[in-house]
Amino acid sequence: MKVKWTCIKKDRRSLARRGTLWTSHGPVETPVFMPVGTQATVKSMAPFELEEMGARILLSNTYHLYLRPGAQLVDKLGGLHGFMKWDGPILTDSGGFQVFSLGPLRKIREEGVEFRSHIDGSKHLFTPESVMQTEELLGADIAMAFDECIPYPATYEYTKAATERTSRWAARCKAAHTREDQSLFGIVQGGMFADLRKLSAQALVEMDFPGYGIGGLSVGEEKPVMYEMLEYTTPLLPEDKPRYLMGVGSPDCLVEGVLRGVDMFDCVLPTRIGRNGTVFTSQGKLVIRNAKYKEDPRPLDEKCGCYACRNFSRAYIRHLFNTGEILGARLASTHNLYFLLNLMAELRLAIQEDRLEETAGRLLAAWQEEK
RNA sequence: GGAGGGAUUCCCGAGUUGGCCAAAGGGGGCAGACUGUAAAUCUGCUGGCACUGCCUUCGAAGGUUCGAAUCCUUCUCCCUCCA
């Protein structure tokens with residue numbers, strides 16, 4: 001079946017909405033945060049741990065899985081669900097972000113994008129059609145259209161050309177996509193130009209996708225710019241379709257995104273900074289490697305109920321990082337994921353109970369002065 | 001007892017035709033970054049200070065020299081080989 005999003009409640013004072021995303025692998029309460037498992041694994045986390053911490057839907061990546069182990073193999077071993085043993089819903093990104101992040105390793109043409117593998121330098125051509133084929137083999141519940149994540153800063157001319165190309169690619173993706181049990185989301189681009197965002201949104205809405213990604217944000221622009229683009233873009237999208245802000249996941253951005261009508265988020269931040277020794281807390285960021293935690297018996301966050309916080313001291317986790325022990329990365333990732341998942345749960349409840357403003361304000365307070 | 005080699009900044013370890021050496025590099029330590037993952041990664045700092053300069057430092061003491069981690073003398077300690 002195609003995914004379907006139903007609204008439970010709309011916030012009166014903001015664009016925020018509480019809803020449910022129905023998928024053939026179960027319902028997902030929104031707004032939701034999706035942990036990122038680029039290579040069919042959320043780095044260092046086992047599926048049962050993700051489930052236990054409250055993760056409901058995961059993201060994986062077409063480009064990376066295409067290179068290794070190959071989509072045919074994943075398909076043969078039961079698709080992504082069977083391969084990585086995750087029974088909940090999965091979303092695959094198209095490789096559009098790699099068009100951006102792989103920079104010099106790729107050439108963009110109208111036909112598609114020529115990549116040089118970051119692994120062995122071999123050449124590969126990604127077209128909207130080939131990406132659809134790959135994503136269908138991977139078999140996620142939601143497949144993202146092949147787009148170009150535009151770098152920042154970019155000129156108006158470049159942004160316009162790239163955005164229009166992404167729209168043409170979206171149409172090609174839609175035409176090429178055949179799998180009935182998978183939903184294809186289009187992706188709004190437009191850089192930091194309001195009129196281009198509008199052009200992009202209109203073009204995509206016309207194609208009628210079951211959901212829409214908002215891409216090309218959080219690529220280096222100031223946060224107020226991103227928020228401005230966001231609150232301009234979401235009202236241009238259909239009320240009854242889910243909106244997915246791609247690649248965003250710092251606690252403050254999640255709150256601001258929800259307030260602007262975003263239903264889905266994904267981000268590598270919790271797992272990446274976790275592996276690198278930084279954790280989110282109700283008081284802001286905390287770099288657990290720092291000397292001041294050497295003898296600290298407290299948990300990472302005294303208000304947190306995650307496995308790491310229920311069982312271990314800052315002193316111990318710092319020790320794990322300082323000795324390079326893998327468990328440190330695992331505990332910090334566990335905590336950070338739980339923290340964001342819990343944050344989203346709080347926001348969902350707040351929308352439902354009509355007190356989003358207060359909750360958002362409280363959650364934001366810890367992060368305001370951070371950046 | 002005899003012959004030889006060596007002691008360098010927190011650690012290991014370059015540097016000994018005297019100036020370009022507060023002294024390579026690595027480790028450790030300290031701090032920072034990270035937002036659809038080329039990331040268990042990357043960056044900066046790591047003698048002191050009133051810091052575009054000055055002061056103290058290369059086992060210890062003394063000496064040569066305009067100038068010494070680098071040359072000379074004595075001493076202390078370590079290692080190897082022969083007895």
# chains A, B, ... in the order shown; residues from 1 in each chain; ligands from 1
call {"tool": "residues_around", "arguments": {"residues": "A83 (chain B)", "least_positions_apart": "6", "cutoff": "12 Å", "atoms": "only C-alpha atoms (C1' of nucleotides)", "output": "JSON list (two decimals) with C-alpha atoms (C1' of nucleotides), in the first residue's frame"}}
result
[["chain", "number", "residue", "atom", "x", "y", "z"],
["B", 1, "G", "C1'", 88.47, -4.55, 36.39],
["B", 2, "G", "C1'", 88.66, -3.38, 30.73],
["B", 3, "A", "C1'", 86.14, -1.44, 26.02]]
call {"tool": "residues_around", "arguments": {"residues": "region 248-257 of chain A", "least_positions_apart": "4", "cutoff": "9 Å", "atoms": "only C-alpha atoms (C1' of nucleotides)", "output": "ChimeraX atom specification"}}
result
/A:16,33,217-218,223,227,230-231,261-263,265-270,280,339-340,343-344,347,360-361,363-368 /B:35-36
call {"tool": "closest_residue", "arguments": {"among": "A:Gln352, A:Ser183, A:Thr155, A:Thr38", "to": "Leu65 (chain A)", "atoms": "only C-alpha atoms"}}
result
A:Thr38
call {"tool": "select_by_dssp", "arguments": {"residues": "region 170-227 of chain A", "states": "strand (DSSP E)", "output": "ChimeraX atom specification"}}
result
/A:183-188,212-214
call {"tool": "atom_distance", "arguments": {"atom1": "CA of Pro104 (chain A)", "atom2": "CA of Gln133 (chain A)"}}
result
25.3 Å
call {"tool": "closest_residue", "arguments": {"among": "B:A7, B:U17, B:U37, B:C12", "to": "C71 (chain B)", "atoms": "only C-alpha atoms (C1' of nucleotides)"}}
result
B:U17
call {"tool": "closest_residue", "arguments": {"among": "B:A38, B:G44, B:U57, B:A31", "to": "A69 (chain B)", "atoms": "only C-alpha atoms (C1' of nucleotides)"}}
result
B:U57
call {"tool": "select_by_dssp", "arguments": {"residues": "region 156-347 of chain A", "states": "helix (DSSP H, G or I)", "output": "ChimeraX atom specification"}}
result
/A:156-176,194-207,223-236,251-259,269-275,291-293,307-311,314-322,326-347
call {"tool": "atom_distance", "arguments": {"atom1": "CA of Ala345 (chain A)", "atom2": "CA of Lys10 (chain A)"}}
result
15.8 Å
call {"tool": "atom_distance", "arguments": {"atom1": "CA of Val99 (chain A)", "atom2": "CA of Arg172 (chain A)"}}
result
17.5 Å
call {"tool": "decode", "arguments": {"residues": "region 31-42 of chain B", "atoms": "all heavy atoms", "output": "PDB file, in the first residue's frame"}}
result
ATOM      1  P     A B  31      38.913  19.799  28.548  1.00  0.00           P
ATOM      2  OP1   A B  31      38.113  20.347  29.656  1.00  0.00           O
ATOM      3  OP2   A B  31      38.768  18.373  28.174  1.00  0.00           O
ATOM      4  O5'   A B  31      38.690  20.657  27.223  1.00  0.00           O
ATOM      5  C5'   A B  31      38.507  22.067  27.312  1.00  0.00           C
ATOM      6  C4'   A B  31      38.618  22.685  25.943  1.00  0.00           C
ATOM      7  O4'   A B  31      39.820  22.229  25.279  1.00  0.00           O
ATOM      8  C3'   A B  31      37.526  22.367  24.935  1.00  0.00           C
ATOM      9  O3'   A B  31      36.337  23.084  25.187  1.00  0.00           O
ATOM     10  C2'   A B  31      38.205  22.842  23.662  1.00  0.00           C
ATOM     11  O2'   A B  31      38.249  24.257  23.593  1.00  0.00           O
ATOM     12  C1'   A B  31      39.631  22.317  23.875  1.00  0.00           C
ATOM     13  N9    A B  31      39.791  20.994  23.259  1.00  0.00           N
ATOM     14  C8    A B  31      39.817  19.769  23.859  1.00  0.00           C
ATOM     15  N7    A B  31      39.967  18.775  23.017  1.00  0.00           N
ATOM     16  C5    A B  31      40.028  19.392  21.774  1.00  0.00           C
ATOM     17  C6    A B  31      40.168  18.910  20.472  1.00  0.00           C
ATOM     18  N6    A B  31      40.286  17.614  20.181  1.00  0.00           N
ATOM     19  N1    A B  31      40.191  19.798  19.450  1.00  0.00           N
ATOM     20  C2    A B  31      40.075  21.093  19.743  1.00  0.00           C
ATOM     21  N3    A B  31      39.933  21.684  20.923  1.00  0.00           N
ATOM     22  C4    A B  31      39.920  20.767  21.910  1.00  0.00           C
ATOM     23  P     G B  32      34.939  22.525  24.609  1.00  0.00           P
ATOM     24  OP1   G B  32      33.881  23.333  25.235  1.00  0.00           O
ATOM     25  OP2   G B  32      34.936  21.043  24.759  1.00  0.00           O
ATOM     26  O5'   G B  32      35.001  22.833  23.052  1.00  0.00           O
ATOM     27  C5'   G B  32      35.085  24.181  22.585  1.00  0.00           C
ATOM     28  C4'   G B  32      35.357  24.180  21.105  1.00  0.00           C
ATOM     29  O4'   G B  32      36.583  23.454  20.831  1.00  0.00           O
ATOM     30  C3'   G B  32      34.340  23.470  20.232  1.00  0.00           C
ATOM     31  O3'   G B  32      33.210  24.282  19.992  1.00  0.00           O
ATOM     32  C2'   G B  32      35.148  23.252  18.958  1.00  0.00           C
ATOM     33  O2'   G B  32      35.297  24.453  18.232  1.00  0.00           O
ATOM     34  C1'   G B  32      36.507  22.861  19.544  1.00  0.00           C
ATOM     35  N9    G B  32      36.647  21.405  19.651  1.00  0.00           N
ATOM     36  C8    G B  32      36.607  20.634  20.780  1.00  0.00           C
ATOM     37  N7    G B  32      36.789  19.356  20.535  1.00  0.00           N
ATOM     38  C5    G B  32      36.954  19.290  19.161  1.00  0.00           C
ATOM     39  C6    G B  32      37.188  18.182  18.298  1.00  0.00           C
ATOM     40  O6    G B  32      37.305  16.998  18.602  1.00  0.00           O
ATOM     41  N1    G B  32      37.286  18.563  16.970  1.00  0.00           N
ATOM     42  C2    G B  32      37.170  19.851  16.508  1.00  0.00           C
ATOM     43  N2    G B  32      37.279  20.029  15.199  1.00  0.00           N
ATOM     44  N3    G B  32      36.961  20.907  17.300  1.00  0.00           N
ATOM     45  C4    G B  32      36.867  20.553  18.599  1.00  0.00           C
ATOM     46  P     A B  33      31.807  23.623  19.598  1.00  0.00           P
ATOM     47  OP1   A B  33      30.810  24.702  19.597  1.00  0.00           O
ATOM     48  OP2   A B  33      31.599  22.418  20.439  1.00  0.00           O
ATOM     49  O5'   A B  33      32.033  23.121  18.097  1.00  0.00           O
ATOM     50  C5'   A B  33      32.201  24.065  17.045  1.00  0.00           C
ATOM     51  C4'   A B  33      32.550  23.332  15.775  1.00  0.00           C
ATOM     52  O4'   A B  33      33.694  22.483  16.011  1.00  0.00           O
ATOM     53  C3'   A B  33      31.488  22.369  15.262  1.00  0.00           C
ATOM     54  O3'   A B  33      30.536  23.078  14.490  1.00  0.00           O
ATOM     55  C2'   A B  33      32.307  21.430  14.391  1.00  0.00           C
ATOM     56  O2'   A B  33      32.604  21.997  13.135  1.00  0.00           O
ATOM     57  C1'   A B  33      33.604  21.330  15.192  1.00  0.00           C
ATOM     58  N9    A B  33      33.682  20.139  16.036  1.00  0.00           N
ATOM     59  C8    A B  33      33.507  20.046  17.386  1.00  0.00           C
ATOM     60  N7    A B  33      33.700  18.832  17.855  1.00  0.00           N
ATOM     61  C5    A B  33      34.022  18.090  16.733  1.00  0.00           C
ATOM     62  C6    A B  33      34.342  16.733  16.534  1.00  0.00           C
ATOM     63  N6    A B  33      34.403  15.851  17.530  1.00  0.00           N
ATOM     64  N1    A B  33      34.590  16.316  15.284  1.00  0.00           N
ATOM     65  C2    A B  33      34.532  17.200  14.285  1.00  0.00           C
ATOM     66  N3    A B  33      34.253  18.502  14.329  1.00  0.00           N
ATOM     67  C4    A B  33      34.006  18.885  15.598  1.00  0.00           C
ATOM     68  P     C B  34      28.990  22.574  14.522  1.00  0.00           P
ATOM     69  OP1   C B  34      28.213  23.609  13.853  1.00  0.00           O
ATOM     70  OP2   C B  34      28.673  22.194  15.893  1.00  0.00           O
ATOM     71  O5'   C B  34      28.966  21.247  13.637  1.00  0.00           O
ATOM     72  C5'   C B  34      29.513  21.205  12.286  1.00  0.00           C
ATOM     73  C4'   C B  34      29.715  19.732  11.931  1.00  0.00           C
ATOM     74  O4'   C B  34      30.570  19.147  12.921  1.00  0.00           O
ATOM     75  C3'   C B  34      28.402  18.965  11.927  1.00  0.00           C
ATOM     76  O3'   C B  34      28.231  18.255  10.706  1.00  0.00           O
ATOM     77  C2'   C B  34      28.493  18.015  13.112  1.00  0.00           C
ATOM     78  O2'   C B  34      28.035  16.741  12.770  1.00  0.00           O
ATOM     79  C1'   C B  34      29.982  17.939  13.395  1.00  0.00           C
ATOM     80  N1    C B  34      30.292  17.722  14.803  1.00  0.00           N
ATOM     81  C2    C B  34      30.841  16.482  15.129  1.00  0.00           C
ATOM     82  O2    C B  34      31.058  15.669  14.216  1.00  0.00           O
ATOM     83  N3    C B  34      31.124  16.211  16.420  1.00  0.00           N
ATOM     84  C4    C B  34      30.879  17.117  17.364  1.00  0.00           C
ATOM     85  N4    C B  34      31.167  16.793  18.612  1.00  0.00           N
ATOM     86  C5    C B  34      30.315  18.395  17.052  1.00  0.00           C
ATOM     87  C6    C B  34      30.038  18.659  15.766  1.00  0.00           C
ATOM     88  P     U B  35      27.303  18.759   9.536  1.00  0.00           P
ATOM     89  OP1   U B  35      27.683  17.864   8.427  1.00  0.00           O
ATOM     90  OP2   U B  35      27.349  20.220   9.366  1.00  0.00           O
ATOM     91  O5'   U B  35      25.813  18.417  10.014  1.00  0.00           O
ATOM     92  C5'   U B  35      25.409  17.035  10.207  1.00  0.00           C
ATOM     93  C4'   U B  35      23.885  17.019  10.108  1.00  0.00           C
ATOM     94  O4'   U B  35      23.379  17.828  11.180  1.00  0.00           O
ATOM     95  C3'   U B  35      23.381  17.624   8.788  1.00  0.00           C
ATOM     96  O3'   U B  35      22.511  16.775   8.038  1.00  0.00           O
ATOM     97  C2'   U B  35      22.631  18.882   9.190  1.00  0.00           C
ATOM     98  O2'   U B  35      21.357  18.933   8.591  1.00  0.00           O
ATOM     99  C1'   U B  35      22.419  18.725  10.684  1.00  0.00           C
ATOM    100  N1    U B  35      22.511  20.010  11.408  1.00  0.00           N
ATOM    101  C2    U B  35      21.318  20.502  11.917  1.00  0.00           C
ATOM    102  O2    U B  35      20.252  19.904  11.773  1.00  0.00           O
ATOM    103  N3    U B  35      21.416  21.676  12.594  1.00  0.00           N
ATOM    104  C4    U B  35      22.552  22.413  12.810  1.00  0.00           C
ATOM    105  O4    U B  35      22.479  23.460  13.438  1.00  0.00           O
ATOM    106  C5    U B  35      23.763  21.849  12.251  1.00  0.00           C
ATOM    107  C6    U B  35      23.698  20.691  11.580  1.00  0.00           C
ATOM    108  P     G B  36      22.887  15.174   7.845  1.00  0.00           P
ATOM    109  OP1   G B  36      23.150  14.636   9.162  1.00  0.00           O
ATOM    110  OP2   G B  36      23.961  15.365   6.861  1.00  0.00           O
ATOM    111  O5'   G B  36      21.791  14.254   7.179  1.00  0.00           O
ATOM    112  C5'   G B  36      20.928  14.847   6.159  1.00  0.00           C
ATOM    113  C4'   G B  36      20.146  13.691   5.649  1.00  0.00           C
ATOM    114  O4'   G B  36      18.961  14.156   5.011  1.00  0.00           O
ATOM    115  C3'   G B  36      20.929  12.883   4.603  1.00  0.00           C
ATOM    116  O3'   G B  36      21.466  11.724   5.262  1.00  0.00           O
ATOM    117  C2'   G B  36      19.874  12.553   3.570  1.00  0.00           C
ATOM    118  O2'   G B  36      19.197  11.342   3.894  1.00  0.00           O
ATOM    119  C1'   G B  36      18.898  13.731   3.685  1.00  0.00           C
ATOM    120  N9    G B  36      19.176  14.879   2.818  1.00  0.00           N
ATOM    121  C8    G B  36      20.018  15.942   3.091  1.00  0.00           C
ATOM    122  N7    G B  36      20.058  16.838   2.125  1.00  0.00           N
ATOM    123  C5    G B  36      19.205  16.331   1.151  1.00  0.00           C
ATOM    124  C6    G B  36      18.858  16.851  -0.114  1.00  0.00           C
ATOM    125  O6    G B  36      19.231  17.899  -0.642  1.00  0.00           O
ATOM    126  N1    G B  36      17.962  16.024  -0.786  1.00  0.00           N
ATOM    127  C2    G B  36      17.485  14.835  -0.299  1.00  0.00           C
ATOM    128  N2    G B  36      16.649  14.191  -1.089  1.00  0.00           N
ATOM    129  N3    G B  36      17.796  14.334   0.890  1.00  0.00           N
ATOM    130  C4    G B  36      18.660  15.121   1.561  1.00  0.00           C
ATOM    131  P     U B  37      22.377  10.626   4.278  1.00  0.00           P
ATOM    132  OP1   U B  37      21.909  10.718   2.923  1.00  0.00           O
ATOM    133  OP2   U B  37      22.403   9.298   4.912  1.00  0.00           O
ATOM    134  O5'   U B  37      23.841  11.285   4.329  1.00  0.00           O
ATOM    135  C5'   U B  37      24.402  11.665   5.589  1.00  0.00           C
ATOM    136  C4'   U B  37      25.889  11.430   5.531  1.00  0.00           C
ATOM    137  O4'   U B  37      26.352  11.277   6.875  1.00  0.00           O
ATOM    138  C3'   U B  37      26.211  10.126   4.754  1.00  0.00           C
ATOM    139  O3'   U B  37      26.861  10.285   3.484  1.00  0.00           O
ATOM    140  C2'   U B  37      26.773   9.160   5.867  1.00  0.00           C
ATOM    141  O2'   U B  37      28.079   8.680   5.517  1.00  0.00           O
ATOM    142  C1'   U B  37      26.892  10.007   7.124  1.00  0.00           C
ATOM    143  N1    U B  37      26.259   9.412   8.312  1.00  0.00           N
ATOM    144  C2    U B  37      27.017   9.420   9.463  1.00  0.00           C
ATOM    145  O2    U B  37      28.137   9.878   9.485  1.00  0.00           O
ATOM    146  N3    U B  37      26.429   8.891  10.569  1.00  0.00           N
ATOM    147  C4    U B  37      25.158   8.350  10.651  1.00  0.00           C
ATOM    148  O4    U B  37      24.757   7.916  11.722  1.00  0.00           O
ATOM    149  C5    U B  37      24.434   8.369   9.421  1.00  0.00           C
ATOM    150  C6    U B  37      25.002   8.889   8.312  1.00  0.00           C
ATOM    151  P     A B  38      28.128  11.056   3.071  1.00  0.00           P
ATOM    152  OP1   A B  38      28.766  11.184   4.393  1.00  0.00           O
ATOM    153  OP2   A B  38      27.866  12.201   2.209  1.00  0.00           O
ATOM    154  O5'   A B  38      28.945   9.979   2.211  1.00  0.00           O
ATOM    155  C5'   A B  38      30.161  10.279   1.676  1.00  0.00           C
ATOM    156  C4'   A B  38      31.232   9.424   2.268  1.00  0.00           C
ATOM    157  O4'   A B  38      32.278   9.327   1.298  1.00  0.00           O
ATOM    158  C3'   A B  38      31.803  10.054   3.560  1.00  0.00           C
ATOM    159  O3'   A B  38      31.630   9.238   4.729  1.00  0.00           O
ATOM    160  C2'   A B  38      33.241  10.457   3.165  1.00  0.00           C
ATOM    161  O2'   A B  38      34.190  10.076   4.142  1.00  0.00           O
ATOM    162  C1'   A B  38      33.498   9.706   1.880  1.00  0.00           C
ATOM    163  N9    A B  38      34.281  10.391   0.879  1.00  0.00           N
ATOM    164  C8    A B  38      35.318   9.794   0.190  1.00  0.00           C
ATOM    165  N7    A B  38      35.920  10.596  -0.642  1.00  0.00           N
ATOM    166  C5    A B  38      35.232  11.801  -0.503  1.00  0.00           C
ATOM    167  C6    A B  38      35.378  13.051  -1.130  1.00  0.00           C
ATOM    168  N6    A B  38      36.306  13.291  -2.057  1.00  0.00           N
ATOM    169  N1    A B  38      34.537  14.025  -0.763  1.00  0.00           N
ATOM    170  C2    A B  38      33.605  13.777   0.158  1.00  0.00           C
ATOM    171  N3    A B  38      33.363  12.641   0.809  1.00  0.00           N
ATOM    172  C4    A B  38      34.211  11.690   0.425  1.00  0.00           C
ATOM    173  P     A B  39      32.123   7.847   5.164  1.00  0.00           P
ATOM    174  OP1   A B  39      33.172   7.503   4.199  1.00  0.00           O
ATOM    175  OP2   A B  39      31.001   6.980   5.350  1.00  0.00           O
ATOM    176  O5'   A B  39      32.805   7.942   6.584  1.00  0.00           O
ATOM    177  C5'   A B  39      33.505   9.069   6.978  1.00  0.00           C
ATOM    178  C4'   A B  39      33.963   8.981   8.401  1.00  0.00           C
ATOM    179  O4'   A B  39      34.193  10.306   8.873  1.00  0.00           O
ATOM    180  C3'   A B  39      33.000   8.358   9.395  1.00  0.00           C
ATOM    181  O3'   A B  39      33.794   7.718  10.376  1.00  0.00           O
ATOM    182  C2'   A B  39      32.176   9.594   9.924  1.00  0.00           C
ATOM    183  O2'   A B  39      31.942   9.491  11.289  1.00  0.00           O
ATOM    184  C1'   A B  39      33.109  10.752   9.676  1.00  0.00           C
ATOM    185  N9    A B  39      32.499  11.933   9.051  1.00  0.00           N
ATOM    186  C8    A B  39      31.638  12.040   7.997  1.00  0.00           C
ATOM    187  N7    A B  39      31.305  13.269   7.723  1.00  0.00           N
ATOM    188  C5    A B  39      32.013  14.022   8.663  1.00  0.00           C
ATOM    189  C6    A B  39      32.107  15.386   8.918  1.00  0.00           C
ATOM    190  N6    A B  39      31.459  16.297   8.217  1.00  0.00           N
ATOM    191  N1    A B  39      32.895  15.783   9.932  1.00  0.00           N
ATOM    192  C2    A B  39      33.553  14.868  10.636  1.00  0.00           C
ATOM    193  N3    A B  39      33.555  13.558  10.498  1.00  0.00           N
ATOM    194  C4    A B  39      32.752  13.204   9.492  1.00  0.00           C
ATOM    195  P     A B  40      33.264   6.617  11.372  1.00  0.00           P
ATOM    196  OP1   A B  40      33.762   5.420  10.732  1.00  0.00           O
ATOM    197  OP2   A B  40      31.845   6.707  11.807  1.00  0.00           O
ATOM    198  O5'   A B  40      34.172   6.895  12.640  1.00  0.00           O
ATOM    199  C5'   A B  40      33.888   7.921  13.586  1.00  0.00           C
ATOM    200  C4'   A B  40      34.422   7.457  14.916  1.00  0.00           C
ATOM    201  O4'   A B  40      33.602   6.366  15.371  1.00  0.00           O
ATOM    202  C3'   A B  40      35.840   6.880  14.840  1.00  0.00           C
ATOM    203  O3'   A B  40      36.769   7.900  15.065  1.00  0.00           O
ATOM    204  C2'   A B  40      35.846   5.890  15.979  1.00  0.00           C
ATOM    205  O2'   A B  40      36.110   6.500  17.209  1.00  0.00           O
ATOM    206  C1'   A B  40      34.405   5.388  15.987  1.00  0.00           C
ATOM    207  N9    A B  40      34.211   4.128  15.299  1.00  0.00           N
ATOM    208  C8    A B  40      33.562   3.920  14.111  1.00  0.00           C
ATOM    209  N7    A B  40      33.529   2.657  13.752  1.00  0.00           N
ATOM    210  C5    A B  40      34.202   2.003  14.772  1.00  0.00           C
ATOM    211  C6    A B  40      34.513   0.661  14.995  1.00  0.00           C
ATOM    212  N6    A B  40      34.173  -0.315  14.177  1.00  0.00           N
ATOM    213  N1    A B  40      35.200   0.351  16.118  1.00  0.00           N
ATOM    214  C2    A B  40      35.546   1.330  16.942  1.00  0.00           C
ATOM    215  N3    A B  40      35.317   2.623  16.852  1.00  0.00           N
ATOM    216  C4    A B  40      34.629   2.897  15.734  1.00  0.00           C
ATOM    217  P     U B  41      38.306   7.792  14.480  1.00  0.00           P
ATOM    218  OP1   U B  41      38.449   6.465  13.880  1.00  0.00           O
ATOM    219  OP2   U B  41      39.241   8.253  15.529  1.00  0.00           O
ATOM    220  O5'   U B  41      38.323   8.898  13.325  1.00  0.00           O
ATOM    221  C5'   U B  41      37.941   8.540  11.999  1.00  0.00           C
ATOM    222  C4'   U B  41      37.452   9.782  11.282  1.00  0.00           C
ATOM    223  O4'   U B  41      36.176  10.188  11.828  1.00  0.00           O
ATOM    224  C3'   U B  41      38.334  11.006  11.463  1.00  0.00           C
ATOM    225  O3'   U B  41      39.426  10.986  10.555  1.00  0.00           O
ATOM    226  C2'   U B  41      37.352  12.128  11.150  1.00  0.00           C
ATOM    227  O2'   U B  41      37.095  12.229   9.768  1.00  0.00           O
ATOM    228  C1'   U B  41      36.101  11.613  11.847  1.00  0.00           C
ATOM    229  N1    U B  41      36.003  12.067  13.239  1.00  0.00           N
ATOM    230  C2    U B  41      35.616  13.376  13.472  1.00  0.00           C
ATOM    231  O2    U B  41      35.370  14.161  12.575  1.00  0.00           O
ATOM    232  N3    U B  41      35.540  13.737  14.781  1.00  0.00           N
ATOM    233  C4    U B  41      35.811  12.936  15.876  1.00  0.00           C
ATOM    234  O4    U B  41      35.686  13.394  16.994  1.00  0.00           O
ATOM    235  C5    U B  41      36.207  11.601  15.555  1.00  0.00           C
ATOM    236  C6    U B  41      36.289  11.213  14.280  1.00  0.00           C
ATOM    237  P     C B  42      40.818  11.677  10.951  1.00  0.00           P
ATOM    238  OP1   C B  42      41.785  11.347   9.887  1.00  0.00           O
ATOM    239  OP2   C B  42      41.110  11.363  12.361  1.00  0.00           O
ATOM    240  O5'   C B  42      40.486  13.242  10.862  1.00  0.00           O
ATOM    241  C5'   C B  42      40.141  13.835   9.614  1.00  0.00           C
ATOM    242  C4'   C B  42      39.594  15.226   9.852  1.00  0.00           C
ATOM    243  O4'   C B  42      38.420  15.153  10.704  1.00  0.00           O
ATOM    244  C3'   C B  42      40.515  16.168  10.608  1.00  0.00           C
ATOM    245  O3'   C B  42      41.495  16.744   9.756  1.00  0.00           O
ATOM    246  C2'   C B  42      39.513  17.220  11.100  1.00  0.00           C
ATOM    247  O2'   C B  42      39.095  18.068  10.050  1.00  0.00           O
ATOM    248  C1'   C B  42      38.345  16.330  11.506  1.00  0.00           C
ATOM    249  N1    C B  42      38.394  15.946  12.932  1.00  0.00           N
ATOM    250  C2    C B  42      37.923  16.872  13.870  1.00  0.00           C
ATOM    251  O2    C B  42      37.492  17.953  13.478  1.00  0.00           O
ATOM    252  N3    C B  42      37.946  16.557  15.184  1.00  0.00           N
ATOM    253  C4    C B  42      38.432  15.366  15.575  1.00  0.00           C
ATOM    254  N4    C B  42      38.437  15.100  16.886  1.00  0.00           N
ATOM    255  C5    C B  42      38.933  14.413  14.638  1.00  0.00           C
ATOM    256  C6    C B  42      38.902  14.736  13.333  1.00  0.00           C
TER     257        C B  42
END
